[in-house]
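Novice: Below is run_5.txt; it holds compact mmCIF, C-alpha atoms.
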# COMPACT_ATOMS: atom_id res chain seq x y z
CA MET A 1 126.63 91.66 171.69
CA LYS A 2 125.57 94.95 173.24
CA ASN A 3 122.54 97.11 172.61
CA ASN A 4 121.22 100.54 173.44
CA ILE A 5 117.55 99.65 173.69
CA ARG A 6 117.34 101.37 177.08
CA VAL A 7 118.56 104.65 175.55
CA GLU A 8 116.30 104.33 172.53
CA ARG A 9 113.34 103.66 174.81
CA ALA A 10 114.14 106.75 176.82
CA ILE A 11 114.25 108.83 173.61
CA LYS A 12 110.92 107.44 172.45
CA ASN A 13 109.62 107.59 176.03
CA ILE A 14 108.18 104.07 176.19
CA THR A 15 108.47 101.46 178.96
CA GLN A 16 109.71 97.90 178.66
CA ALA A 17 106.09 96.79 178.82
CA ASP A 18 105.13 99.08 175.92
CA LEU A 19 107.97 97.78 173.80
CA ALA A 20 107.08 94.19 174.69
CA ASP A 21 103.48 94.78 173.61
CA LEU A 22 104.55 96.43 170.36
CA ILE A 23 106.59 93.44 169.21
CA GLY A 24 104.56 90.69 170.89
CA VAL A 25 106.98 89.27 173.45
CA SER A 26 107.00 89.17 177.25
CA ARG A 27 108.41 91.96 179.41
CA GLN A 28 110.91 89.46 180.77
CA THR A 29 112.31 89.00 177.27
CA ILE A 30 112.87 92.74 176.79
CA ASN A 31 114.47 92.88 180.24
CA THR A 32 116.85 90.00 179.52
CA ILE A 33 117.84 91.55 176.19
CA GLU A 34 118.49 94.96 177.77
CA SER A 35 120.65 93.44 180.47
CA ASN A 36 122.61 91.44 177.87
CA ARG A 37 121.51 88.07 179.25
CA TYR A 38 119.72 87.03 176.09
CA VAL A 39 120.70 87.53 172.45
CA PRO A 40 117.56 87.94 170.36
CA SER A 41 117.03 86.23 167.03
CA THR A 42 117.47 88.26 163.86
CA VAL A 43 113.69 88.50 163.47
CA LEU A 44 113.27 89.96 166.94
CA ALA A 45 116.23 92.32 166.49
CA LEU A 46 114.70 93.62 163.23
CA LYS A 47 111.33 94.11 164.92
CA ILE A 48 112.91 96.06 167.77
CA ALA A 49 114.87 98.23 165.34
CA ARG A 50 111.68 98.91 163.38
CA VAL A 51 109.96 100.23 166.49
CA PHE A 52 112.75 102.77 166.88
CA ASP A 53 112.86 103.58 163.13
CA LYS A 54 116.55 102.81 162.97
CA PRO A 55 118.74 100.26 161.21
CA VAL A 56 119.61 97.25 163.35
CA GLU A 57 123.26 98.29 163.58
CA GLN A 58 122.29 101.41 165.48
CA VAL A 59 120.49 99.41 168.13
CA PHE A 60 122.68 96.28 168.40
CA PHE A 61 126.48 96.21 168.23
CA LEU A 62 129.08 93.48 168.19
CA GLU A 63 131.63 93.43 170.98
CA ASP A 64 135.31 92.64 170.57
CA ASN A 65 134.93 89.11 171.84
CA ASP A 66 131.98 88.22 169.55
CA MET B 67 111.33 80.12 166.50
CA LYS B 68 107.89 78.62 166.74
CA THR B 69 107.25 76.37 169.69
CA ARG B 70 105.40 73.24 168.70
CA PHE B 71 103.86 70.34 170.50
CA LEU B 72 102.99 72.09 173.73
CA PHE B 73 99.84 71.64 175.77
CA PRO B 74 97.63 74.62 176.61
CA HIS B 75 98.54 76.57 179.73
CA TRP B 76 95.78 75.07 181.91
CA CYS B 77 97.34 71.62 181.46
CA ARG B 78 100.09 72.72 183.84
CA TYR B 79 97.60 72.86 186.73
CA LEU B 80 95.99 69.59 185.66
CA GLY B 81 99.46 68.06 185.66
CA TYR B 82 100.34 69.31 189.13
CA THR B 83 96.97 68.11 190.38
CA LEU B 84 97.51 64.60 189.02
CA PHE B 85 100.98 64.50 190.55
CA VAL B 86 99.72 65.68 193.95
CA ILE B 87 96.87 63.15 193.86
CA HIS B 88 99.34 60.34 193.21
CA ILE B 89 101.29 61.01 196.43
CA PRO B 90 98.59 60.12 199.00
CA VAL B 91 97.53 57.15 196.89
CA VAL B 92 101.04 55.72 197.01
CA LEU B 93 101.38 56.50 200.73
CA PHE B 94 98.05 54.80 201.36
CA GLN B 95 99.29 51.74 199.53
CA LYS B 96 102.50 51.63 201.57
CA MET B 97 100.59 52.05 204.85
CA LEU B 98 98.03 49.38 204.12
CA GLY B 99 100.92 47.16 203.18
CA PHE B 100 99.32 45.43 200.27
CA ASP B 101 102.40 46.38 198.37
CA THR B 102 104.21 43.08 198.75
CA PRO B 103 107.54 43.22 197.02
CA GLY B 104 108.83 39.93 195.76
CA GLY B 105 105.19 38.92 195.17
CA THR B 106 104.08 35.92 197.17
CA ILE B 107 101.74 34.32 194.68
CA ASP B 108 100.67 36.06 191.56
CA ASN B 109 103.40 36.95 189.09
CA GLY B 110 101.13 37.29 186.07
CA LEU B 111 101.15 40.40 183.95
CA PHE B 112 97.92 41.94 185.24
CA ASN B 113 97.91 40.96 188.89
CA PRO B 114 96.56 43.55 191.38
CA HIS B 115 100.02 44.66 192.41
CA HIS B 116 101.05 45.32 188.85
CA LEU B 117 97.80 47.10 188.02
CA PHE B 118 98.13 49.36 191.05
CA PHE B 119 101.76 50.12 190.24
CA MET B 120 100.80 50.89 186.66
CA ALA B 121 97.96 53.19 187.67
CA THR B 122 99.99 55.21 190.17
CA THR B 123 103.05 55.41 187.94
CA LEU B 124 100.94 56.50 184.99
CA LEU B 125 99.25 59.12 187.17
CA MET B 126 102.64 60.48 188.18
CA ALA B 127 104.23 60.30 184.73
CA VAL B 128 101.28 61.88 182.92
CA GLY B 129 101.04 64.57 185.60
CA LEU B 130 104.71 65.49 185.31
CA PHE B 131 104.54 65.31 181.53
CA LEU B 132 101.62 67.74 181.36
CA ALA B 133 103.21 70.07 183.91
CA ALA B 134 106.52 70.07 182.04
CA PHE B 135 105.26 70.56 178.50
CA SER B 136 102.52 73.12 178.72
CA LYS B 137 102.69 76.62 177.29
CA GLU B 138 103.60 79.67 179.29
CA LYS B 139 101.13 82.55 179.35
CA ILE B 140 103.28 84.40 176.82
CA GLU B 141 105.29 82.12 174.58
CA ASP B 142 108.23 83.76 172.86
CA GLU B 143 111.67 82.83 171.66
CA GLN B 144 113.37 83.58 174.96
CA ILE B 145 111.07 81.15 176.75
CA SER B 146 111.68 78.40 174.21
CA GLN B 147 115.42 79.01 174.54
CA LEU B 148 115.09 78.58 178.31
CA ARG B 149 113.04 75.44 177.79
CA LEU B 150 115.65 73.91 175.49
CA ASP B 151 118.47 74.84 177.89
CA SER B 152 116.63 73.23 180.76
CA LEU B 153 115.92 70.11 178.73
CA GLN B 154 119.60 69.79 177.93
CA TRP B 155 120.47 70.08 181.62
CA ALA B 156 117.82 67.55 182.53
CA ILE B 157 119.19 65.01 180.06
CA TYR B 158 122.76 65.55 181.28
CA VAL B 159 121.77 65.13 184.92
CA ASN B 160 119.66 62.11 184.12
CA TYR B 161 122.42 60.29 182.30
CA VAL B 162 125.08 61.11 184.86
CA LEU B 163 122.84 59.74 187.60
CA LEU B 164 121.85 56.78 185.45
CA ILE B 165 125.46 55.84 184.78
CA VAL B 166 126.47 56.30 188.40
CA SER B 167 123.56 54.22 189.64
CA LEU B 168 124.21 51.50 187.07
CA ILE B 169 127.76 51.24 188.36
CA LEU B 170 126.88 51.36 192.04
CA SER B 171 123.62 49.42 192.15
CA SER B 172 121.96 46.42 190.58
CA ASP B 173 118.43 47.38 191.58
CA THR B 174 117.19 47.81 188.02
CA GLU B 175 113.53 48.38 188.92
CA HIS B 176 114.32 51.44 191.01
CA ILE B 177 116.88 52.69 188.52
CA LEU B 178 114.19 52.57 185.85
CA PHE B 179 111.78 54.35 188.13
CA LEU B 180 114.31 57.11 188.88
CA ASN B 181 115.02 57.37 185.20
CA LEU B 182 111.34 58.02 184.61
CA LEU B 183 111.21 60.69 187.30
CA ILE B 184 114.47 62.62 187.18
CA PRO B 185 114.45 64.19 183.69
CA LEU B 186 110.95 65.63 184.09
CA VAL B 187 111.37 66.73 187.70
CA PHE B 188 114.75 68.30 187.09
CA PHE B 189 113.47 69.97 183.93
CA ILE B 190 110.44 71.46 185.71
CA ILE B 191 112.48 72.73 188.64
CA ARG B 192 115.23 74.22 186.51
CA PHE B 193 112.82 75.84 184.04
CA GLN B 194 110.60 77.31 186.75
CA TRP B 195 113.64 78.53 188.69
CA LYS B 196 114.92 80.40 185.63
CA LEU B 197 111.49 81.93 185.04
CA PHE B 198 111.39 82.97 188.68
CA GLN B 199 114.83 84.58 188.37
CA ASN B 200 113.73 86.50 185.28
CA ASN B 201 110.63 87.74 187.06
CA ARG B 202 112.63 88.77 190.09
CA MET B 203 115.09 90.70 187.94
CA LEU B 204 112.23 92.36 186.11
CA LYS B 205 110.77 93.49 189.43
CA ARG B 206 114.15 94.71 190.67
CA ASP B 207 114.88 96.70 187.52
CA GLY B 208 111.38 98.08 187.61
CA ASN B 209 110.17 99.81 184.51
CA ALA B 210 113.11 102.16 184.33
In structure tokens, what does this structure look like?
Specialist:
Amino acid sequence: MKNNIRVERAIKNITQADLADLIGVSRQTINTIESNRYVPSTVLALKIARVFDKPVEQVFFLEDND
Amino acid sequence: MKTRFLFPHWCRYLGYTLFVIHIPVVLFQKMLGFDTPGGTIDNGLFNPHHLFFMATTLLMAVGLFLAAFSKEKIEDEQISQLRLDSLQWAIYVNYVLLIVSLILSSDTEHILFLNLLIPLVFFIIRFQWKLFQNNRMLKRDGNA
């Protein structure tokens, strides 16, 4: 699974730390998600999408091998 | 996922402290030499040797247990995933070593002792190593 959290953050102009605070996780978690080392649960994915005011599909995408 | 059954964060330091305390106590015992394997006289259940062994082993086991199963400062699903991963590794390693040592050795007392030690120690090291790696990567990536 891929995501464009980094791009969305840049648009909204918030840091990883800000995003982490907004959804109540650690900065490490945001970092691991952005670098595709951790796949978040549906709950977390929905929370992240809500911060950016977008549907989940516009933040997270399936890859061919998923 | 909610993480259950974890001790508060300060228990980690209590755990490390207990474990560190146990080391000089055991060394002291070895140096004084009142650890007499094969027991010359007393083989009863609560002889001094057994009591001492029990006390030091409990100190170590409780210390490792507290250090292993205490909360992180920020508990979230990624941390609990890491914890579960590390637990799985620890169990694998433990059983591989257990099986190998059962085949190669008949020293059951030490095998038992290792079996007490390895899962927790391996778990702690692996878990802390992964946390360290995450922190390092966070620092490297900065807040870009």
Novice: Can you list, as a count of residues only, every protein, DNA or RNA residue that comes within 10 Å of stretch 140-146 of chain B when you count all atoms listed in the file, leaving out same-chain residues fewer than 4 positions away?
Specialist: 25
Novice: What does the distance from atom CA of A:Ala45 to atom CA of B:Leu72 come to in Å, to one decimal?
Specialist: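 Separation of atom CA of A:Ala45 and atom CA of B:Leu72: 25.2 Å.
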Novice: Using all atoms listed in the file, which protein or nucleic acid residues come within 12 Å of B:Ile89? Drop anything in the same chain fewer than 3 positions from it, and give the result as a PyMOL selection string.
Specialist: chain B and resi 82-86+92-96+122-123+125-126+129
Novice: Name the closest residue to chain B among the candidates A:Ala10, A:Leu22, A:Leu46, A:Leu62; distances are taken between atoms, counting all atoms listed in the file.
Specialist: A:Ala10
Novice: So, counting only C-alpha atoms, which residue among B:His88, B:Arg206, B:Lys137, B:Arg192 is closest to B:Trp76?
Specialist: B:Lys137
Novice: Determine the axis-aligned bounding box of all atoms of stretch 38-44 of chain A present in the file, pad each side by 6 Å, and express its centre and edge lengths in Å to one decimal place as JSON.
Specialist:
{"center_x": 117.0, "center_y": 88.1, "center_z": 169.8, "size_x": 19.4, "size_y": 15.7, "size_z": 24.6}
Novice: So what do you get for atom CA of A:Lys12 versus atom CA of A:Phe52, distance-wise?
Specialist: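 The value is 7.5 Å.
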Novice: Quote the spacing between atom CA of B:Phe118 and atom CA of B:Ile177 in Å to one decimal place.
Specialist: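 A separation of 19.2 Å between them.
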Novice: With all atoms listed in the file as the counted atoms, please give the residues lying no more than 9 Å from A:Arg6, apart from itself and same-chain residues fewer than 4 positions off, as a compact mmCIF listing (two decimals) with C-alpha atoms, in the coordinates of the input.
Specialist:
# COMPACT_ATOMS: atom_id res chain seq x y z
CA ALA A 10 114.14 106.75 176.82
CA ILE A 11 114.25 108.83 173.61
CA GLN A 16 109.71 97.90 178.66
CA GLU A 34 118.49 94.96 177.77
CA ALA B 210 113.11 102.16 184.33
Novice: At a cut-off of 10 Å, using all atoms listed in the file, what residues contact A:Val56? Leave out same-chain residues fewer than 3 positions from it and give the result as a ChimeraX atom specification.
Specialist: /A:3,42,45-50,52-53,59-61
Novice: B:Ala127: which residues within 12 Å, counting only C-alpha atoms, same-chain residues fewer than 4 positions away excluded, as a list in words?
Specialist: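 The filter keeps Gly81, Tyr82, Leu84, Phe85, Val86, His88, Phe119, Met120, Ala121, Thr122, Thr123, Phe131, Leu132, Ala133, Ala134, Phe179, Leu180, Asn181, Leu182, Leu183, Ile184, Pro185, Leu186 and Val187 of chain B.
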